[in-house]
Each structure stands twice: as structure tokens, then as C-alpha cells.
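Asker: This is the structure, below, for whatever I ask next.
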Amino acid sequence: MRRRTLLSVLVLVVGAFAFLAAGCGGDDGSAGGTGGDTGGGGKTAKIVSDLPLQGSSAGQTETMVNAIKLYLEQIGSKVGDYTITYESFDDSTAAKGAWDEATCAANMRQYVGDETILGVVGTFNSGCAAIAIPIANEGTLAMVSPANTKVGLTHVGPGSEPGEPDKYYPSGTRNYTRVVASDDFQGQVDASYMKDALGVTKVYILDDKDSYGKGVADAFEIAAKDIGLTVAGHTGWDTNASNYKALMTQIKASGADGIYIGGISDFNGGQVIKDKVSVVGDNEAVKLMVSDGFVVDSLFDEAGADNLAGTYGSAPVLNPSDLTGAGKSFVDAYTAKFGSPEVYTAYAAAAAQALLDAISRSDGSREDVIAKLFETNITDGIVGPMSFNAEGDPKQGLISVFQAEASGPPWKFVEAKQLSNE
Amino acid sequence: MATAESASADLVPRRLPVAQILLWIFGTAILAVVGIWLIRNAVDSPDRFLEVTLIGVTNGSVYALIALGYTLVYGIIELINFAHGDNFMLGTFQANSIVTEGSFQIPLFPTTFVLGLPLGTMAVASDSGAHRAYTVAMCLFWSMLFCMTINVAIERMAYKPLRNQPRLVPLITAIGFSFILQDVGLVWKDAGPQPLPSILPKEDIFTWRSASYSWNDLIVVGVTLPLLLALTYLVRRTRSGKAMRATAQDMDAAAMMGINVDRTISFTFALGGALAGAAGAIYALYIGTSKFDLGFRLGLFAFTAAVLGGIGNLTGAVLGGLVLGLIQAYNEGFADARWTTTIIFGVLILILVFRPSGLLGEQVPEGQ
């Protein structure tokens, strides 16, 4: 009897251990913000960026930090009467290798508490934004995200959840804008691309069960049903499983001639693609399309370039090499200084540009920065003209389609679909 | 006598164990539903059922290999060696080094320096069969040696000094070492997934309609079963095995009979480590990717498998691993992959409610 009690105690300990490891692990992996020096004649303001700098997004986010630094350098760290200081924060933990709930919240509380900070460039992941926006909202702090695409962060639409977006704005006033189009647009474009361009008739949908992945997959499912694309099934993969062969046999048996994946590649995405190819067949026989969380160069290593070859991916952004005007000259300057940029590099600079433009027109209070942010009207911005609607979405957006080649990265640009979102 | 009995029965009416009966009915009903569901799937598409079953057996074999290491150590000193899963992860990293960099590596934690012993084992899928076979053999050998050394060192440092302390104390040091080994992996290989080329032969052994079974699947099973047989032989038939069983039964009595208890326990940990290394090498070669936090999740699954089969019971660990692998595969293959973890642990709870000592029964030290 005693032995049995011991065993149950041990099982309990194991359970508690698992719970702890899943829930915590949030150490505040960022240096404390330095207090703002208000010496000198002109006014000073501080902006911060909040990005996951560890894990497989790291390659991308490091270039984003560099891009913000480069943009500040180009404008001499001055906008209007303001001298701008900038600090980069990390919302990921080494232990997770991806963004972390506790860190996202702790970071935002720190910015809200530091009165010299007038705005945040971030976040990178929508899941992190869902945690950070309400905290920023109560602290009346402006946020401009270079990469969030979750529908419900700003408006009701396919893929948004009950209570969204109002639950993110407890003060009742909006404080958040983004420079890229949201997942409902991506889902629509992807569904019609699979049907019209790839000739898919029956699609199986997979998501990583995360806020972003499930959102884009749901938006895709709604759009697919709308345009008459049969949905053979929709499920989420266990992001910690060692492989997905059994799941893939189910997809094969469903007779789907296309698979759509919504998610980020950090969540074992390489393994999903490997097992898709080994069980269901190559990407020519059964078409594979992935959302922008998978359109990263590290996936070529993680899935194997041979397995990834032929995969289509979409992103609400243009490749650096396809930018024109101010964007092209920014990318050239970036390449000369730091080497080759990633997909979101220029978008980080564009987010910083919008935020700084609002600060320059403001009276220096957080409320006014937010008010001016929503009045943004940049005609020759780094990623094109930029202005936001009342919900914080970009009025001009686009979705690009890319394809992976066996020869390796980068993802090759196929075409872009323009959107209007007044 | 008879009247006295019936009188007392009248006074205290015998209660039916209603709760227990309900539990049995409930359990049997669930088993029946699952059974019917499986049979229906098997009849509907026998080829797919076979394929999913084979996938389950293969994945289950990996769980079983790790579970053997947990159960072996638990059987001797009733310690859940939490560091075992992370030791396994370091085994996958060692195999990764041997294949991608062609050298046996010793990470000099906490620095990022790594000592390398060149073996000429760098391999890719297009290499000759002989070279790949050599690399696979080297992976197994060096990973086993590596993990064995780590396990013995951990036992010396963190468990041996605490042998007479309450059982929770070494449990905490085990959890501590689990985190330390994770950090060793993190510093050694970085945070992202660590891919390596697939060098196991991928040719099909047989195909039947849509089902196929290839050599790399067979190799996973083909390493687990011989290891189980060898271990069973070692524990049941050899002198060292006798010493292990004696130590398990009563450490003090074993010491009085002239058994070197310290050495026997070290030997057990060496065996456990070697199993972690073998599992690590097989996992890295078969799956083709590993990650520094892999050990936690797989370790938890393997520990579950060990409890499922009956902790301390070698055959039970393998059976538990296979059952776990099959449940996972059937759920992902025929039901909704979203709920795999819930299903696995739901089954665990059911089995433990009906058979608290696991499928094949516990084999643990007697007395306390």
C-alpha cells in the first residue's frame, strides 16, 4: 500500500513538473531600460522594439533590429524637435527558443512604466501581441507591429474569436497599428491561389494550434469553402511530437490533392514537411502551401531542401529585392552595411518610420502620439505609401506568393496580389 | 455458528461495492468502444490500419528504449532518474556530431568550446552502404559510451551522497541535473532544431497497397528487441545481474553477503546510460532532427510507458512503450491529432485505475 502511495506522489510530482515547465520558464531576458536623460536643449523621446531574438526566428529578427538602427542613423536620430533613442528588447527565452508569454507581458509592463518611452515597434508574433496590446492600451502606449497578421487583433473577420478585438483595448481607445495585411486577406488569397493557380480541388488544413497559426488556417478554411474548394479535414499537430507519419496517413487516405499549413516553423514545422513528403508524396503530386510563418530560410535546413522544394508560401510582404523607390534605396543601404536582408527587415524600418513620424507631429504626450499615429499619411514610405484605417489596419496592403526551390534559400517570388482596405 | 453469522449479516447488511462495479462497467464499456472502433477501421482500410500500426510500433520502440533506462534504475534504487531523458537528448546530439561533423565531441560546459575526436564518420545519404553502416555503428558506440559516462558521473555526484536521505531529496537533484543537461545541450548545439542527413537505408522491405515498411523502420525495432533480450539475460542469468537483484531486494543484506553495493549501482547506471545513448543514436538517425528540449517531453512519455508497463519491469517497459506508440498512432491516424496528449494520458489514468501496478506488475525493492 505504501509503495502505491509513493508512486502516486511521484506521478503528482511529474505532473507538477510538467505544468511548471509549460507555464513558466519566463525569465526576463532583457537588460533593464536605462532611464531617459533629459539633458540638452531639444526634446528627447525613446522608442523600443519587442522581438523574439532567440530561436529560429532569430535570423529574421536580428536584421529587423539592424534595420531600425540603420533608419535612425539615416535620419540622424532626429525627427521634428525630438532626439530619438532606441533600445532593442527580446520577448523570447533561450529555453523555449521562441516567444514567451511571461516575457511578452513583463517587457510591456516595463515599457509602460518607463515614461520616456513613447512607442513600441512590435511585436513580431501575434500571440505575443495579444498579451502585450492590453497592457500597452491601459498604459496609453502606441504600438506599431511590423509583422502581426492575426485578424482579431484589430477587427472582426474570418478567423477572429469571440470578444475580439475589443478585449485587447480595455481603455476603449485604439493604440495599435500594423504595417502588414492580416490573415483573413492571406487566407483568401491562399485559398484562391491553391484553387485557381495550383488546380487543387480538395484541401487538408493543418495548424500549429497557436494563436497565429490557427487564425490563418481558420481564415483559409472559411475562404476555401466560400470559393468551392472542398475541405477534406482540418486538425492541429502536436508541436512536441517526434514525428507525424500516422497523421499523414490520415491525410493521404482523405484523398486531398493539396495541403495548407498555417503556423510558424519554430513549432516542429520541418518535421511536418518531412513526413508530408515521405508519407503523402512530393509537392508536385500533392500541392503544399504554407502561411508566412513558414516562409523563412531556416526551414530549408530543418525540412531538407529536397523535401521543401515545390512548396508555395505566402506572406503579406514583398521580398527585399522586389521593393521599389525609397524601399529599394533602404535595402541597398542595408545590404552595404549588414549584408543580405530578410523578408521582414524593411518592414521593421517602415514600422519605426510610421511611429517616429507620429512622434514628430505630436506634443510629446503618449495620448497625442497615438492620435497622430492614426492620422499617418506617408506617401513615399520604405515599403510604399502608408496610412491606417480606424482599426489600425494598413489601408494599402498586399499578399505575395513565393515558392521554395531544391537549390536552397531564399524563397523565390512568384507574384503579388494588391489589396485595398479603406 | 450459522445462526450467529446470519444474525450479524442481518445487523450489518453486506454492502455491494457499487462504486467498484460501476468503475468496471465504465472501463469495460470504454475498452469495448475503442475495440469496436479499431476493428471498424481495420476492416474499412486494412492497408492503412497496417501502416498506422507499424508506425505506432516504430515510434513505440523509441519510447521503449528510453523507458528501459528509467525502469532499470527505478527497479534497483526506486529513484526516478529525471536526467535520463536529457541524457538521451545529449545522445542524439552526439550522433548528430558524428554524422554531420565526423567527430566524437565533448562539450566543455559552460564554455562553448567543444573537444573533438575525428573519426572520419561524416556521412550523407549518397555515401556508400559500407561507409554509412560504419557511421551508424560509430554513432551507436560513441553515443552509448558518452551517455554511460554522463550517467555514472551523475550518480556519483548527485545520487550516491544522498542514498540514505528521504527519497524526495535525490528526486530533486535529478530534476536539477535534468535542467543542467538541457543547458549543456543548448550551449553545445544552439536553440533551434538540429537536422542531420538521413543515412539509414530507406528502401521498402514490403509494400501492400498503400502500406509500406522500410529498412529504417525495421532498424529501430531491430535495436530495441535485442537490447531487451540482452538486458533480461544480464539481469536474470549473470553474476552481475544476481548482484543487481540482491541489491534491489535488500541493500544492507546484499552488502553483508559480500556484494559491492556501490559498484552494482554504478553498473546499473552505466547500463541505463548506455540505453539512453543507444536510444539517442537511433532517434537522431531515424527522425533526422533533434532539439535541446527534446528530453523533457520524450522522457515524460517514456516514464509514462514505464509506469504503464509496471515500473521496474523490463518487459513491461517495452510493452508500455509499444502501447503508448500505438495509442498515439491510432489517434493520429484515425481520429483527431489535436487531442493526442489527452488521449495518451487518459488511457494512462484508466489503466492505472484498474491496474495500479501497471500492465505487467511492478518489480521494485522490497520493504520500504
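Ligands are numbered from 1 in the order shown, chains are lettered A, B, ... in the order of the C-alpha cells, and residues start at 1 in each chain.
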Find the residues near segment 327-336 of chain B: any atom within 12 Å, counting only C-alpha atoms, skip ones fewer than 5 places away on the same chain, and give them as a PyMOL selection string.

Answerer: (chain A and resi 206+233-238+241-254+279) or (chain B and resi 34-35+37-42+44-45+48-60+63+301+305+320-322+341-348)

Asker: Could you give me, as a list in words, the residues within 8 Å of segment 158-172 of chain B, counting only C-alpha atoms and dropping anything in the same chain fewer than 6 positions from it?

Answerer: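 Here the answer would be Leu79, Ile80, Asn81 and Phe82 of chain B.
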
Asker: Determine, counting only C-alpha atoms, which protein, DNA and RNA residues have an atom within 12 Å of an atom of Leu200 of chain B; residues of the same chain fewer than 6 positions away are not included. Present the result as a ChimeraX atom specification.

Answerer: /B:99,123-137,139,214-220,281-288

Asker: Show which residues sit within 7 Å of Leu53 of chain A, as a compact mmCIF listing (two decimals) with N, CA and C atoms, in the first residue's frame. Count only C-alpha atoms, and ignore same-chain residues fewer than 5 positions away.

Answerer:
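Output file around-v4.txt follows:
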```txt
# COMPACT_ATOMS: atom_id res chain seq x y z
N ALA A 58 15.36 34.03 -34.95
CA ALA A 58 16.44 34.95 -34.61
C ALA A 58 17.11 35.54 -35.86
N THR A 61 14.82 38.34 -36.98
CA THR A 61 14.63 39.48 -36.07
C THR A 61 15.90 40.29 -35.88
N GLU A 62 17.06 39.63 -35.97
CA GLU A 62 18.31 40.40 -35.85
C GLU A 62 18.42 41.43 -36.97
N ASP A 90 14.01 41.70 -26.08
CA ASP A 90 13.84 40.33 -26.54
C ASP A 90 12.62 39.72 -25.85
N SER A 92 11.69 36.55 -26.36
CA SER A 92 11.81 35.08 -26.36
C SER A 92 12.70 34.66 -25.20
```

Asker: Running DSSP on the backbone, which parts of segment 80-176 of chain B land in strand (DSSP E or B), as an NGL selection string?

Answerer: :B and (103-107 or 114-118)

Asker: Filtering to C-alpha atoms, could you give me those residues as a PDB file, in the first residue's frame?

Answerer:
```pdb
ATOM      1  CA  SER B 103      33.885  13.577 -34.836  1.00  0.00           C
ATOM      2  CA  PHE B 104      33.118  12.431 -31.309  1.00  0.00           C
ATOM      3  CA  GLN B 105      32.628  15.593 -29.287  1.00  0.00           C
ATOM      4  CA  ILE B 106      32.949  16.525 -25.650  1.00  0.00           C
ATOM      5  CA  PRO B 107      31.251  19.845 -24.854  1.00  0.00           C
ATOM      6  CA  VAL B 114      33.992  21.527 -27.824  1.00  0.00           C
ATOM      7  CA  LEU B 115      36.738  18.887 -27.807  1.00  0.00           C
ATOM      8  CA  GLY B 116      36.578  16.820 -30.972  1.00  0.00           C
ATOM      9  CA  LEU B 117      37.987  13.388 -31.720  1.00  0.00           C
ATOM     10  CA  PRO B 118      37.974  12.992 -35.532  1.00  0.00           C
TER      11      PRO B 118
END
```

Asker: Residues of segment 21-133 of chain A classed as helix (DSSP H, G or I) by DSSP on the backbone are to be reported as a PyMOL selection string.

Answerer: chain A and resi 21-23+58-74+101-113+126-133

Asker: Store the residues picked out above, limited to N, CA and C atoms, as a compact mmCIF listing (two decimals), in the first residue's frame.

Answerer:
```
# COMPACT_ATOMS: atom_id res chain seq x y z
N ALA A 21 7.03 23.49 -16.17
CA ALA A 21 7.89 23.69 -17.34
C ALA A 21 7.10 24.33 -18.46
N ALA A 22 5.79 23.98 -18.55
CA ALA A 22 5.00 24.55 -19.63
C ALA A 22 4.64 25.99 -19.35
N GLY A 23 4.32 26.28 -18.10
CA GLY A 23 3.79 27.60 -17.78
C GLY A 23 4.84 28.66 -17.55
N ALA A 58 15.36 34.03 -34.95
CA ALA A 58 16.44 34.95 -34.61
C ALA A 58 17.11 35.54 -35.86
N GLY A 59 17.31 34.71 -36.88
CA GLY A 59 17.96 35.20 -38.10
C GLY A 59 17.19 36.39 -38.66
N GLN A 60 15.86 36.27 -38.67
CA GLN A 60 14.98 37.31 -39.19
C GLN A 60 15.00 38.55 -38.29
N THR A 61 14.82 38.34 -36.98
CA THR A 61 14.63 39.48 -36.07
C THR A 61 15.90 40.29 -35.88
N GLU A 62 17.06 39.63 -35.97
CA GLU A 62 18.31 40.40 -35.85
C GLU A 62 18.42 41.43 -36.97
N THR A 63 18.00 41.05 -38.18
CA THR A 63 18.07 42.01 -39.28
C THR A 63 17.07 43.14 -39.04
N MET A 64 15.97 42.84 -38.33
CA MET A 64 14.97 43.88 -38.07
C MET A 64 15.52 44.93 -37.11
N VAL A 65 16.26 44.45 -36.10
CA VAL A 65 16.89 45.39 -35.16
C VAL A 65 17.90 46.26 -35.92
N ASN A 66 18.69 45.61 -36.76
CA ASN A 66 19.66 46.35 -37.57
C ASN A 66 18.98 47.39 -38.45
N ALA A 67 17.81 47.02 -39.02
CA ALA A 67 17.11 47.93 -39.93
C ALA A 67 16.64 49.18 -39.18
N ILE A 68 16.15 48.98 -37.94
CA ILE A 68 15.70 50.14 -37.16
C ILE A 68 16.89 51.04 -36.85
N LYS A 69 18.02 50.41 -36.48
CA LYS A 69 19.23 51.19 -36.19
C LYS A 69 19.67 51.97 -37.42
N LEU A 70 19.61 51.30 -38.58
CA LEU A 70 20.04 51.95 -39.83
C LEU A 70 19.13 53.13 -40.15
N TYR A 71 17.82 52.94 -39.96
CA TYR A 71 16.89 54.02 -40.27
C TYR A 71 17.16 55.23 -39.36
N LEU A 72 17.39 54.95 -38.07
CA LEU A 72 17.69 56.04 -37.13
C LEU A 72 18.97 56.76 -37.54
N GLU A 73 19.94 55.99 -37.98
CA GLU A 73 21.21 56.56 -38.42
C GLU A 73 20.98 57.47 -39.62
N GLN A 74 20.13 57.00 -40.57
CA GLN A 74 19.86 57.77 -41.78
C GLN A 74 19.19 59.11 -41.46
N GLU A 101 5.17 33.86 -23.29
CA GLU A 101 4.06 34.65 -22.74
C GLU A 101 4.50 35.58 -21.62
N ALA A 102 5.19 34.99 -20.64
CA ALA A 102 5.55 35.77 -19.45
C ALA A 102 6.48 36.92 -19.82
N THR A 103 7.41 36.65 -20.76
CA THR A 103 8.36 37.68 -21.15
C THR A 103 7.66 38.81 -21.90
N CYS A 104 6.71 38.45 -22.78
CA CYS A 104 5.95 39.47 -23.51
C CYS A 104 5.27 40.43 -22.55
N ALA A 105 4.62 39.85 -21.52
CA ALA A 105 3.89 40.68 -20.57
C ALA A 105 4.85 41.53 -19.74
N ALA A 106 5.93 40.90 -19.26
CA ALA A 106 6.87 41.62 -18.40
C ALA A 106 7.52 42.76 -19.17
N ASN A 107 7.90 42.50 -20.43
CA ASN A 107 8.51 43.56 -21.24
C ASN A 107 7.56 44.75 -21.35
N MET A 108 6.30 44.48 -21.72
CA MET A 108 5.37 45.58 -21.95
C MET A 108 5.14 46.37 -20.67
N ARG A 109 5.07 45.66 -19.52
CA ARG A 109 4.91 46.38 -18.26
C ARG A 109 6.08 47.30 -18.02
N GLN A 110 7.26 46.84 -18.42
CA GLN A 110 8.45 47.67 -18.23
C GLN A 110 8.39 48.94 -19.10
N TYR A 111 7.93 48.80 -20.37
CA TYR A 111 7.86 49.98 -21.25
C TYR A 111 6.83 50.97 -20.70
N VAL A 112 5.69 50.41 -20.26
CA VAL A 112 4.62 51.28 -19.77
C VAL A 112 5.12 52.07 -18.56
N GLY A 113 5.95 51.41 -17.73
CA GLY A 113 6.45 52.06 -16.53
C GLY A 113 7.53 53.10 -16.80
N SER A 126 1.89 37.28 -33.34
CA SER A 126 0.54 37.72 -32.96
C SER A 126 0.16 37.25 -31.56
N GLY A 127 0.60 36.03 -31.19
CA GLY A 127 0.28 35.51 -29.87
C GLY A 127 0.84 36.42 -28.78
N CYS A 128 2.02 36.93 -29.03
CA CYS A 128 2.67 37.85 -28.09
C CYS A 128 1.92 39.18 -28.08
N ALA A 129 1.46 39.62 -29.25
CA ALA A 129 0.72 40.89 -29.33
C ALA A 129 -0.56 40.82 -28.52
N ALA A 130 -1.24 39.66 -28.56
CA ALA A 130 -2.50 39.51 -27.84
C ALA A 130 -2.29 39.71 -26.34
N ILE A 131 -1.10 39.39 -25.85
CA ILE A 131 -0.79 39.60 -24.44
C ILE A 131 -0.33 41.04 -24.18
N ALA A 132 0.44 41.57 -25.13
CA ALA A 132 1.07 42.88 -24.90
C ALA A 132 0.11 44.06 -25.13
N ILE A 133 -0.79 43.94 -26.15
CA ILE A 133 -1.62 45.10 -26.51
C ILE A 133 -2.46 45.61 -25.32
```
